[in-house]
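Colleague: Structure supplied as structure.pdb; contents: PDB, C-alpha atoms and all ligand atoms.
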ATOM      1  CA  MET A   1     -28.286  12.740  31.103
ATOM      2  CA  ASN A   2     -25.630  15.308  32.015
ATOM      3  CA  GLU A   3     -25.412  18.039  29.318
ATOM      4  CA  VAL A   4     -21.739  17.263  28.786
ATOM      5  CA  HIS A   5     -22.734  13.853  27.400
ATOM      6  CA  ARG A   6     -25.426  15.101  24.975
ATOM      7  CA  LEU A   7     -24.907  14.951  21.191
ATOM      8  CA  ASP A   8     -28.074  16.756  20.061
ATOM      9  CA  GLY A   9     -27.920  17.895  16.432
ATOM     10  CA  GLN A  10     -24.723  15.956  15.759
ATOM     11  CA  THR A  11     -24.264  13.244  13.139
ATOM     12  CA  ALA A  12     -22.420  10.002  13.891
ATOM     13  CA  ILE A  13     -21.305   7.337  11.429
ATOM     14  CA  VAL A  14     -21.023   3.870  12.978
ATOM     15  CA  THR A  15     -19.621   1.146  10.720
ATOM     16  CA  GLY A  16     -20.692  -2.457  11.251
ATOM     17  CA  ALA A  17     -23.775  -1.434  13.249
ATOM     18  CA  ALA A  18     -26.196  -3.991  11.780
ATOM     19  CA  GLN A  19     -25.593  -6.135  14.865
ATOM     20  CA  GLY A  20     -23.361  -6.682  17.875
ATOM     21  CA  ILE A  21     -21.136  -4.022  19.382
ATOM     22  CA  GLY A  22     -21.799  -1.583  16.532
ATOM     23  CA  GLN A  23     -25.527  -1.825  17.158
ATOM     24  CA  GLY A  24     -24.941  -1.152  20.864
ATOM     25  CA  ILE A  25     -22.828   1.907  20.002
ATOM     26  CA  ALA A  26     -25.439   3.237  17.558
ATOM     27  CA  LEU A  27     -28.228   2.890  20.142
ATOM     28  CA  VAL A  28     -26.261   4.705  22.850
ATOM     29  CA  LEU A  29     -25.230   7.576  20.548
ATOM     30  CA  SER A  30     -28.804   7.876  19.278
ATOM     31  CA  GLU A  31     -30.148   8.052  22.844
ATOM     32  CA  ALA A  32     -27.661  10.877  23.425
ATOM     33  CA  GLY A  33     -29.299  12.799  20.572
ATOM     34  CA  ALA A  34     -27.119  12.039  17.540
ATOM     35  CA  ASN A  35     -28.388  11.276  14.051
ATOM     36  CA  ILE A  36     -26.944   7.871  13.123
ATOM     37  CA  VAL A  37     -25.509   6.795   9.760
ATOM     38  CA  ILE A  38     -24.750   3.079   9.478
ATOM     39  CA  GLY A  39     -22.453   1.476   6.920
ATOM     40  CA  ASP A  40     -22.485  -2.326   6.861
ATOM     41  CA  ILE A  41     -22.074  -5.198   4.411
ATOM     42  CA  GLN A  42     -25.364  -6.604   5.704
ATOM     43  CA  ASP A  43     -28.840  -5.144   6.077
ATOM     44  CA  ALA A  44     -29.107  -2.902   9.154
ATOM     45  CA  SER A  45     -32.902  -2.574   9.312
ATOM     46  CA  ASN A  46     -33.038  -4.227  12.743
ATOM     47  CA  THR A  47     -30.864  -1.437  14.202
ATOM     48  CA  LEU A  48     -32.749   1.272  12.266
ATOM     49  CA  ARG A  49     -36.049  -0.023  13.665
ATOM     50  CA  GLN A  50     -34.796   0.070  17.263
ATOM     51  CA  ILE A  51     -33.486   3.618  16.862
ATOM     52  CA  GLU A  52     -36.740   4.837  15.332
ATOM     53  CA  GLN A  53     -38.827   3.106  18.033
ATOM     54  CA  ASN A  54     -36.796   5.076  20.605
ATOM     55  CA  GLY A  55     -37.552   8.333  18.759
ATOM     56  CA  GLY A  56     -34.152   8.667  17.081
ATOM     57  CA  ARG A  57     -33.147   9.284  13.466
ATOM     58  CA  ALA A  58     -30.969   6.953  11.398
ATOM     59  CA  VAL A  59     -30.130   5.881   7.848
ATOM     60  CA  SER A  60     -27.987   3.068   6.529
ATOM     61  CA  MET A  61     -26.261   1.902   3.374
ATOM     62  CA  LEU A  62     -24.825  -1.379   2.220
ATOM     63  CA  MET A  63     -21.081  -0.888   1.863
ATOM     64  CA  ASP A  64     -17.730  -2.539   2.471
ATOM     65  CA  THR A  65     -15.282  -0.500   4.554
ATOM     66  CA  SER A  66     -12.354  -2.112   2.741
ATOM     67  CA  ILE A  67     -13.375  -0.401  -0.538
ATOM     68  CA  PRO A  68     -12.184   3.243  -0.592
ATOM     69  CA  SER A  69     -15.061   4.502  -2.771
ATOM     70  CA  ASP A  70     -17.569   2.900  -0.362
ATOM     71  CA  ALA A  71     -16.001   4.809   2.525
ATOM     72  CA  GLU A  72     -16.317   8.061   0.562
ATOM     73  CA  ALA A  73     -19.953   7.267  -0.269
ATOM     74  CA  LEU A  74     -20.765   6.674   3.403
ATOM     75  CA  VAL A  75     -19.423  10.102   4.354
ATOM     76  CA  GLU A  76     -21.361  11.660   1.471
ATOM     77  CA  LEU A  77     -24.546   9.982   2.741
ATOM     78  CA  ALA A  78     -24.040  11.513   6.197
ATOM     79  CA  LEU A  79     -23.486  14.980   4.742
ATOM     80  CA  SER A  80     -26.377  14.824   2.267
ATOM     81  CA  GLN A  81     -28.799  13.417   4.849
ATOM     82  CA  TYR A  82     -27.954  15.525   7.904
ATOM     83  CA  GLY A  83     -25.618  18.305   6.712
ATOM     84  CA  THR A  84     -22.781  17.616   9.170
ATOM     85  CA  LEU A  85     -20.384  14.872  10.194
ATOM     86  CA  ASP A  86     -19.280  15.106  13.818
ATOM     87  CA  VAL A  87     -18.434  11.526  14.811
ATOM     88  CA  LEU A  88     -16.957   8.472  13.112
ATOM     89  CA  VAL A  89     -16.870   5.150  14.949
ATOM     90  CA  ASN A  90     -14.730   2.600  13.110
ATOM     91  CA  ASN A  91     -16.317  -0.549  14.497
ATOM     92  CA  ALA A  92     -16.669  -2.904  11.507
ATOM     93  CA  GLY A  93     -14.298  -5.826  11.835
ATOM     94  CA  ILE A  94     -13.944  -9.516  11.152
ATOM     95  CA  ASP A  95     -12.625 -12.429  13.174
ATOM     96  CA  ALA A  96      -9.759 -13.914  11.218
ATOM     97  CA  PRO A  97      -9.509 -17.695  10.966
ATOM     98  CA  ARG A  98      -7.914 -19.205  14.056
ATOM     99  CA  GLY A  99      -4.693 -21.163  13.754
ATOM    100  CA  THR A 100      -0.946 -20.891  13.519
ATOM    101  CA  ILE A 101       0.920 -18.170  11.680
ATOM    102  CA  TRP A 102       2.635 -20.830   9.602
ATOM    103  CA  GLY A 103      -0.740 -22.179   8.487
ATOM    104  CA  LEU A 104      -2.237 -18.793   7.566
ATOM    105  CA  SER A 105      -3.000 -18.297   3.852
ATOM    106  CA  ASN A 106      -2.193 -15.113   1.940
ATOM    107  CA  GLU A 107      -5.906 -14.569   1.352
ATOM    108  CA  GLU A 108      -6.839 -14.925   5.064
ATOM    109  CA  TRP A 109      -4.088 -12.523   6.085
ATOM    110  CA  GLN A 110      -4.964  -9.970   3.398
ATOM    111  CA  ARG A 111      -8.733  -9.931   4.023
ATOM    112  CA  THR A 112      -8.207  -9.403   7.748
ATOM    113  CA  ILE A 113      -5.830  -6.492   7.191
ATOM    114  CA  ASP A 114      -8.078  -5.074   4.435
ATOM    115  CA  VAL A 115     -11.160  -4.906   6.682
ATOM    116  CA  ASN A 116      -9.751  -4.412  10.188
ATOM    117  CA  LEU A 117      -6.960  -1.952   9.346
ATOM    118  CA  SER A 118      -7.202  -0.567   5.783
ATOM    119  CA  GLY A 119     -10.971  -0.128   6.134
ATOM    120  CA  VAL A 120     -10.419   2.087   9.160
ATOM    121  CA  PHE A 121      -7.881   4.128   7.227
ATOM    122  CA  TYR A 122     -10.270   4.603   4.273
ATOM    123  CA  CYS A 123     -13.176   5.684   6.509
ATOM    124  CA  THR A 124     -10.939   7.951   8.604
ATOM    125  CA  ARG A 125      -9.474   9.655   5.534
ATOM    126  CA  ALA A 126     -12.928  10.216   4.061
ATOM    127  CA  ALA A 127     -14.370  11.566   7.332
ATOM    128  CA  LEU A 128     -11.432  13.865   8.039
ATOM    129  CA  LYS A 129     -12.132  15.978   4.949
ATOM    130  CA  PRO A 130     -15.392  17.514   6.252
ATOM    131  CA  MET A 131     -14.178  17.436   9.867
ATOM    132  CA  LEU A 132     -10.973  19.363   9.101
ATOM    133  CA  ALA A 133     -12.953  21.815   6.984
ATOM    134  CA  VAL A 134     -15.004  22.865  10.018
ATOM    135  CA  GLY A 135     -12.238  22.320  12.587
ATOM    136  CA  SER A 136     -14.027  19.780  14.805
ATOM    137  CA  GLY A 137     -14.879  16.100  15.048
ATOM    138  CA  CYS A 138     -14.259  12.902  16.992
ATOM    139  CA  ILE A 139     -13.131   9.510  15.723
ATOM    140  CA  VAL A 140     -13.111   6.288  17.757
ATOM    141  CA  ASN A 141     -11.414   3.102  16.545
ATOM    142  CA  ILE A 142     -12.577  -0.214  18.003
ATOM    143  CA  SER A 143      -9.381  -2.182  18.558
ATOM    144  CA  SER A 144      -9.168  -5.135  20.978
ATOM    145  CA  GLN A 145      -7.217  -6.582  23.873
ATOM    146  CA  ALA A 146      -5.859  -8.813  21.085
ATOM    147  CA  ALA A 147      -3.652  -5.847  20.131
ATOM    148  CA  ARG A 148      -1.393  -6.720  23.054
ATOM    149  CA  ALA A 149      -2.038 -10.366  23.924
ATOM    150  CA  ALA A 150      -2.159 -13.536  21.865
ATOM    151  CA  GLY A 151      -5.118 -14.789  23.899
ATOM    152  CA  ASP A 152      -4.663 -18.503  23.425
ATOM    153  CA  PRO A 153      -2.283 -20.771  21.501
ATOM    154  CA  ASN A 154      -4.859 -21.238  18.758
ATOM    155  CA  GLY A 155      -5.539 -17.521  18.345
ATOM    156  CA  SER A 156      -5.488 -15.449  15.199
ATOM    157  CA  PRO A 157      -2.197 -13.734  14.313
ATOM    158  CA  ALA A 158      -3.778 -11.658  11.540
ATOM    159  CA  TYR A 159      -6.452 -10.370  13.928
ATOM    160  CA  ASN A 160      -3.816  -9.519  16.571
ATOM    161  CA  ALA A 161      -1.735  -7.666  13.984
ATOM    162  CA  SER A 162      -4.702  -5.763  12.567
ATOM    163  CA  LYS A 163      -5.889  -4.620  15.995
ATOM    164  CA  ALA A 164      -2.345  -3.594  17.039
ATOM    165  CA  GLY A 165      -2.049  -1.652  13.783
ATOM    166  CA  LEU A 166      -5.170   0.279  14.746
ATOM    167  CA  ILE A 167      -3.408   1.592  17.843
ATOM    168  CA  GLY A 168      -0.594   2.968  15.671
ATOM    169  CA  LEU A 169      -3.116   4.515  13.295
ATOM    170  CA  THR A 170      -4.939   6.090  16.241
ATOM    171  CA  VAL A 171      -1.755   7.598  17.666
ATOM    172  CA  ALA A 172      -0.526   8.949  14.324
ATOM    173  CA  SER A 173      -3.864  10.381  13.185
ATOM    174  CA  SER A 174      -4.574  11.910  16.596
ATOM    175  CA  ALA A 175      -1.263  13.768  16.583
ATOM    176  CA  GLN A 176      -1.880  15.194  13.111
ATOM    177  CA  ALA A 177      -5.546  16.042  13.614
ATOM    178  CA  ALA A 178      -5.430  17.496  17.150
ATOM    179  CA  PRO A 179      -4.095  20.928  16.125
ATOM    180  CA  LYS A 180      -6.951  21.089  13.603
ATOM    181  CA  GLY A 181      -9.657  20.407  16.205
ATOM    182  CA  VAL A 182     -10.284  16.684  15.618
ATOM    183  CA  ARG A 183      -9.783  14.078  18.351
ATOM    184  CA  VAL A 184      -8.969  10.407  17.599
ATOM    185  CA  ASN A 185      -9.063   7.685  20.258
ATOM    186  CA  ALA A 186      -9.348   3.904  20.479
ATOM    187  CA  ILE A 187     -11.084   1.360  22.672
ATOM    188  CA  MET A 188      -9.558  -2.036  23.440
ATOM    189  CA  PRO A 189     -12.441  -4.259  24.597
ATOM    190  CA  ALA A 190     -11.990  -7.682  26.126
ATOM    191  CA  LEU A 191     -14.707 -10.278  25.513
ATOM    192  CA  VAL A 192     -18.102  -8.777  24.694
ATOM    193  CA  GLU A 193     -21.104 -11.080  24.220
ATOM    194  CA  SER A 194     -22.072  -9.367  20.990
ATOM    195  CA  ARG A 195     -24.001 -12.323  19.550
ATOM    196  CA  ASP A 196     -24.848 -15.935  20.339
ATOM    197  CA  PHE A 197     -21.452 -17.630  20.463
ATOM    198  CA  GLY A 198     -23.088 -21.080  20.773
ATOM    199  CA  TRP A 199     -21.433 -21.848  24.112
ATOM    200  CA  SER A 200     -22.540 -24.778  26.249
ATOM    201  CA  PRO A 201     -23.189 -23.869  29.928
ATOM    202  CA  GLU A 202     -19.757 -25.295  30.780
ATOM    203  CA  GLU A 203     -18.038 -23.266  28.053
ATOM    204  CA  ARG A 204     -19.863 -20.146  29.201
ATOM    205  CA  ALA A 205     -18.727 -20.663  32.791
ATOM    206  CA  ALA A 206     -15.137 -21.085  31.623
ATOM    207  CA  GLN A 207     -15.313 -17.937  29.482
ATOM    208  CA  ILE A 208     -16.715 -15.834  32.315
ATOM    209  CA  ARG A 209     -14.241 -17.047  34.972
ATOM    210  CA  PRO A 210     -11.448 -14.482  34.279
ATOM    211  CA  TYR A 211     -13.905 -11.543  34.375
ATOM    212  CA  PRO A 212     -14.493 -10.052  37.849
ATOM    213  CA  LEU A 213     -17.307  -7.889  36.419
ATOM    214  CA  GLY A 214     -18.612 -10.539  34.013
ATOM    215  CA  ILE A 215     -18.482 -10.471  30.203
ATOM    216  CA  GLY A 216     -19.265  -7.173  28.487
ATOM    217  CA  LYS A 217     -22.418  -6.179  26.616
ATOM    218  CA  PRO A 218     -22.487  -4.045  23.434
ATOM    219  CA  GLY A 219     -23.891  -1.104  25.417
ATOM    220  CA  ASP A 220     -20.809  -1.124  27.673
ATOM    221  CA  ILE A 221     -18.682  -0.262  24.646
ATOM    222  CA  GLY A 222     -21.350   2.230  23.543
ATOM    223  CA  GLN A 223     -21.025   4.117  26.829
ATOM    224  CA  ALA A 224     -17.236   4.279  26.454
ATOM    225  CA  VAL A 225     -17.645   5.593  22.899
ATOM    226  CA  LEU A 226     -20.110   8.206  24.149
ATOM    227  CA  TYR A 227     -17.516   9.480  26.615
ATOM    228  CA  LEU A 228     -14.851   9.675  23.881
ATOM    229  CA  VAL A 229     -17.045  11.610  21.439
ATOM    230  CA  SER A 230     -18.674  13.964  23.942
ATOM    231  CA  PRO A 231     -17.352  17.224  25.390
ATOM    232  CA  ALA A 232     -16.648  15.302  28.633
ATOM    233  CA  SER A 233     -13.438  14.076  26.973
ATOM    234  CA  ARG A 234     -12.439  17.393  25.401
ATOM    235  CA  TRP A 235      -8.820  16.979  26.709
ATOM    236  CA  VAL A 236      -8.460  13.320  25.582
ATOM    237  CA  THR A 237      -6.870  12.290  22.300
ATOM    238  CA  GLY A 238      -4.518   9.571  21.069
ATOM    239  CA  THR A 239      -5.424   7.238  23.890
ATOM    240  CA  ALA A 240      -6.756   3.678  24.017
ATOM    241  CA  LEU A 241      -9.261   2.811  26.739
ATOM    242  CA  HIS A 242      -9.135  -0.689  28.207
ATOM    243  CA  ILE A 243     -12.783  -1.677  28.664
ATOM    244  CA  THR A 244     -12.443  -5.184  30.046
ATOM    245  CA  GLY A 245     -14.550  -5.997  33.116
ATOM    246  CA  GLY A 246     -11.290  -6.267  35.066
ATOM    247  CA  TYR A 247     -10.135  -9.185  32.931
ATOM    248  CA  GLU A 248      -6.457  -8.229  32.811
ATOM    249  CA  ARG A 249      -6.288  -8.009  36.608
ATOM    250  CA  SER A 250      -7.365 -11.612  37.175
ATOM    251  CA  GLY A 251      -5.357 -13.755  34.791
ATOM    252  CA  PRO A 252      -1.751 -14.629  34.044
ATOM    253  CA  TRP A 253      -1.786 -13.398  30.458
ATOM    254  CA  PHE A 254      -0.505  -9.889  30.998
TER     255      PHE A 254
HETATM  256  N1  LIG B 301     -17.017  -9.264  20.526
HETATM  257  C1  LIG B 301     -15.871  -9.123  21.149
HETATM  258  O1  LIG B 301     -15.588  -9.819  22.141
HETATM  259  C2  LIG B 301     -14.861  -8.094  20.694
HETATM  260  C3  LIG B 301     -13.768  -7.830  21.520
HETATM  261  C4  LIG B 301     -12.830  -6.869  21.116
HETATM  262  C5  LIG B 301     -13.010  -6.189  19.927
HETATM  263  N2  LIG B 301     -14.091  -6.467  19.134
HETATM  264  C6  LIG B 301     -14.234  -5.707  17.888
HETATM  265  O2  LIG B 301     -15.473  -5.015  17.925
HETATM  266  C7  LIG B 301     -15.991  -4.872  16.597
HETATM  267  C8  LIG B 301     -17.406  -5.444  16.539
HETATM  268  O3  LIG B 301     -17.368  -6.794  16.985
HETATM  269  P1  LIG B 301     -18.688  -7.688  17.116
HETATM  270  O4  LIG B 301     -18.373  -8.751  18.094
HETATM  271  O5  LIG B 301     -19.875  -6.851  17.306
HETATM  272  O6  LIG B 301     -18.712  -8.349  15.647
HETATM  273  P2  LIG B 301     -19.950  -8.859  14.770
HETATM  274  O7  LIG B 301     -19.379  -9.859  13.814
HETATM  275  O8  LIG B 301     -21.085  -9.287  15.642
HETATM  276  O9  LIG B 301     -20.393  -7.544  13.978
HETATM  277  C9  LIG B 301     -19.550  -6.979  13.016
HETATM  278  C10 LIG B 301     -20.382  -6.128  12.066
HETATM  279  O10 LIG B 301     -19.483  -5.573  11.088
HETATM  280  C11 LIG B 301     -20.027  -5.809   9.794
HETATM  281  N3  LIG B 301     -18.922  -5.903   8.841
HETATM  282  C12 LIG B 301     -18.010  -6.888   8.723
HETATM  283  N4  LIG B 301     -17.151  -6.606   7.729
HETATM  284  C13 LIG B 301     -17.531  -5.422   7.195
HETATM  285  C14 LIG B 301     -17.050  -4.630   6.131
HETATM  286  N5  LIG B 301     -15.988  -5.004   5.398
HETATM  287  N6  LIG B 301     -17.688  -3.472   5.853
HETATM  288  C15 LIG B 301     -18.780  -3.078   6.572
HETATM  289  N7  LIG B 301     -19.278  -3.815   7.591
HETATM  290  C16 LIG B 301     -18.667  -4.969   7.895
HETATM  291  C17 LIG B 301     -20.813  -7.113   9.919
HETATM  292  O11 LIG B 301     -21.773  -7.271   8.879
HETATM  293  C18 LIG B 301     -21.437  -6.937  11.306
HETATM  294  O12 LIG B 301     -22.645  -6.242  11.248
HETATM  295  C19 LIG B 301     -15.011  -5.585  15.685
HETATM  296  O13 LIG B 301     -14.093  -4.653  15.154
HETATM  297  C20 LIG B 301     -14.298  -6.548  16.621
HETATM  298  O14 LIG B 301     -13.019  -6.904  16.175
HETATM  299  C21 LIG B 301     -15.015  -7.408  19.483
END
Here is a file; write its structure as structure tokens.
Modeller:
Amino acid sequence: MNEVHRLDGQTAIVTGAAQGIGQGIALVLSEAGANIVIGDIQDASNTLRQIEQNGGRAVSMLMDTSIPSDAEALVELALSQYGTLDVLVNNAGIDAPRGTIWGLSNEEWQRTIDVNLSGVFYCTRAALKPMLAVGSGCIVNISSQAARAAGDPNGSPAYNASKAGLIGLTVASSAQAAPKGVRVNAIMPALVESRDFGWSPEERAAQIRPYPLGIGKPGDIGQAVLYLVSPASRWVTGTALHITGGYERSGPWF
């Protein structure tokens, strides 16, 4: 690997890395040399095992990103375990219930905003304290193409709103943190096959059709994160990368 993409000696928090895209991000950053700290509401031992089998170092804790004290505890774990915090990847997120905005309950709306938007704020605020103290660090927020497109008529308005809010949070925090040496960027993935979606062969074919490069894999997002947290992107902040397999070029949605 090119030296400009190495993260040796650095520490990276990845939220929601027990499975899916977060697991793919954690594996890529570990292969680049980073110590990994995972915060997830479910057990992350599967990811820890894979990292250790590859010769990497990782720890995890059970936590909920939507609880401010949990976010603080996750940052404290990174500092106590490895002594530094260089990277925060805000990946943890939930799919809100699908349906109309007029059928959405207060509870469904609130939980989606709490996890997908407030949780990112809590983790970012906690991570910025040690990062600003040393004058360096990189934060990546995993948004979605849903930030700018409804997707389908039976989509999820709360999810769209939460992922669009992340773009605003990225822009605002990047502007404030850049003069202090911290970069903040976002990624807007299209469909990533992060787990078994239970598709029939026909459903799978229909899902893949709008993707000239096929559907994404968790490692594809991991590679984009690696670019955004490595010195290769030293002049990049406040941006949102569209990592989509060419999806937006082939359909009528945009
Ligand atoms: N899969 C896709 O097609 C896709 C596309 C665009 C964006 N995204 C975004 O990428 C991220 C990961 O998606 P995924 O498909 O891997 O999802 P996933 O459901 O497979 O994994 C999400 C992980 O986050 C954890 N998590 C959920 N709520 C949490 C909380 N409150 N605190 C801590 N951990 C929590 C889960 O336990 C799980 O391990 C999400 O933010 C999602 O919105 C996914």
Colleague: List all protein, DNA and RNA residues that have any atom at most 7 Å from ligand LIG 301 (chain B), counting only C-alpha atoms and all ligand atoms, and write the list as a compact mmCIF listing (two decimals) with C-alpha atoms, in the frame of the given file.
Modeller:
# COMPACT_ATOMS: atom_id res chain seq x y z
CA THR A 15 -19.62 1.15 10.72
CA GLY A 16 -20.69 -2.46 11.25
CA ALA A 17 -23.78 -1.43 13.25
CA ALA A 18 -26.20 -3.99 11.78
CA GLN A 19 -25.59 -6.14 14.86
CA GLY A 20 -23.36 -6.68 17.88
CA ILE A 21 -21.14 -4.02 19.38
CA GLY A 22 -21.80 -1.58 16.53
CA GLY A 39 -22.45 1.48 6.92
CA ASP A 40 -22.48 -2.33 6.86
CA ILE A 41 -22.07 -5.20 4.41
CA GLN A 42 -25.36 -6.60 5.70
CA MET A 63 -21.08 -0.89 1.86
CA ASP A 64 -17.73 -2.54 2.47
CA THR A 65 -15.28 -0.50 4.55
CA SER A 66 -12.35 -2.11 2.74
CA ASN A 91 -16.32 -0.55 14.50
CA ALA A 92 -16.67 -2.90 11.51
CA GLY A 93 -14.30 -5.83 11.84
CA ILE A 94 -13.94 -9.52 11.15
CA ASP A 95 -12.62 -12.43 13.17
CA VAL A 115 -11.16 -4.91 6.68
CA ASN A 116 -9.75 -4.41 10.19
CA ILE A 142 -12.58 -0.21 18.00
CA SER A 143 -9.38 -2.18 18.56
CA SER A 144 -9.17 -5.14 20.98
CA GLN A 145 -7.22 -6.58 23.87
CA MET A 188 -9.56 -2.04 23.44
CA PRO A 189 -12.44 -4.26 24.60
CA ALA A 190 -11.99 -7.68 26.13
CA LEU A 191 -14.71 -10.28 25.51
CA VAL A 192 -18.10 -8.78 24.69
CA GLU A 193 -21.10 -11.08 24.22
CA SER A 194 -22.07 -9.37 20.99
CA ARG A 195 -24.00 -12.32 19.55
Colleague: Using only C-alpha atoms, which residue out of A:Thr124, A:Ser30, A:Thr100, A:Ser45 lies closest to Arg57 in chain A?
Modeller: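 Selected residue with least distance to Arg57 in chain A: A:Ser30.
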Colleague: One number please: CA of Ala133 in chain A to CA of Ala73 in chain A, in Å, one decimal.
Modeller: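 Straight-line distance from CA of Ala133 in chain A to CA of Ala73 in chain A works out to 17.7 Å.
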Colleague: Using the chain letters and numbers from this file, what does the PyMOL selection byres (((chain A and resi 89) around 9) and not hetatm) select? Give the answer as a list in words.
Modeller: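 For this structure, the PyMOL selection byres (((chain A and resi 89) around 9) and not hetatm) captures Ala12, Ile13, Val14, Thr15, Gly22, Ile25, Val87, Leu88, Asn90, Asn91, Ala92, Cys138, Ile139, Val140, Asn141, Ile142 and Val225 of chain A.
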Colleague: What's the 10 Å shell around Ala178 in chain A, counting all atoms listed in the file, without same-chain residues fewer than 3 positions away, as a VMD selection string?
Modeller: chain A and resid 132 135 to 138 173 to 175 181 to 184 236 to 238
Colleague: Write out as a list in words the residues lying within 9 Å of Ile51 in chain A, counting all atoms listed in the file and excluding same-chain residues fewer than 2 positions away.
Modeller: Ala26, Leu27, Ser30, Glu31, Ile36, Asn46, Thr47, Leu48, Arg49, Gln53, Asn54, Gly55, Gly56, Arg57 and Ala58 of chain A
Colleague: On this structure, the PyMOL selection byres (((chain A and resi 168) around 12) and not hetatm) would catch which residues? List them as a PyMOL selection string, sorted by chain and number.
Modeller: chain A and resi 117+120-121+141+143+147+161-167+169-175+184-186+238-240
Colleague: Between A:Glu202, A:Arg209, A:Ala232, A:Glu76, which residue has the minimum interatomic distance to Gly245 in chain A, considering only C-alpha atoms?
Modeller: A:Arg209
Colleague: Please, which residues are within 12 Å of (-24.6, 13.7, 29.2) by the file's coordinates, counting all atoms listed in the file, and could they come as a VMD selection string?
Modeller: chain A and resid 1 to 8 28 to 29 31 to 33 223 226 to 233
Colleague: What is the CA of Thr112 in chain A to CA of Gly99 in chain A distance in Å?
Modeller: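 Pair CA of Thr112 in chain A / CA of Gly99 in chain A returns 13.7 Å.
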Colleague: Translate the PyMOL selection byres (((chain A and resi 152) around 12) and not hetatm) into a concrete residue list for this structure, as a ChimeraX atom specification.
Modeller: /A:98-100,146,149-151,153-157,160,252-253
Colleague: So, with only C-alpha atoms as the atoms that count, which of A:Cys123, A:Ala34, A:Ala44, A:Glu52 lies closest to Asp70 in chain A?
Modeller: A:Cys123
Colleague: Work out how far CA of Ala158 in chain A is from CA of Trp102 in chain A, in Å to one decimal.
Modeller: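 Computing the Euclidean distance for CA of Trp102 in chain A and CA of Ala158 in chain A yields 11.4 Å.
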Colleague: Calculated over all atoms listed in the file, which of the candidates A:Gln50, A:Pro212, A:Tyr159, A:Met61 has the smallest distance to Pro97 in chain A?
Modeller: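 Of all the options, A:Tyr159 lies closest to Pro97 in chain A.
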Colleague: May I ask which of the residues A:Ala126, A:Asn35, A:Ala96, A:Ile101 is the closest one to Ile113 in chain A, counting all atoms listed in the file?
Modeller: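 Once distances to Ile113 in chain A are computed over all atoms listed in the file, the minimum belongs to A:Ala96.
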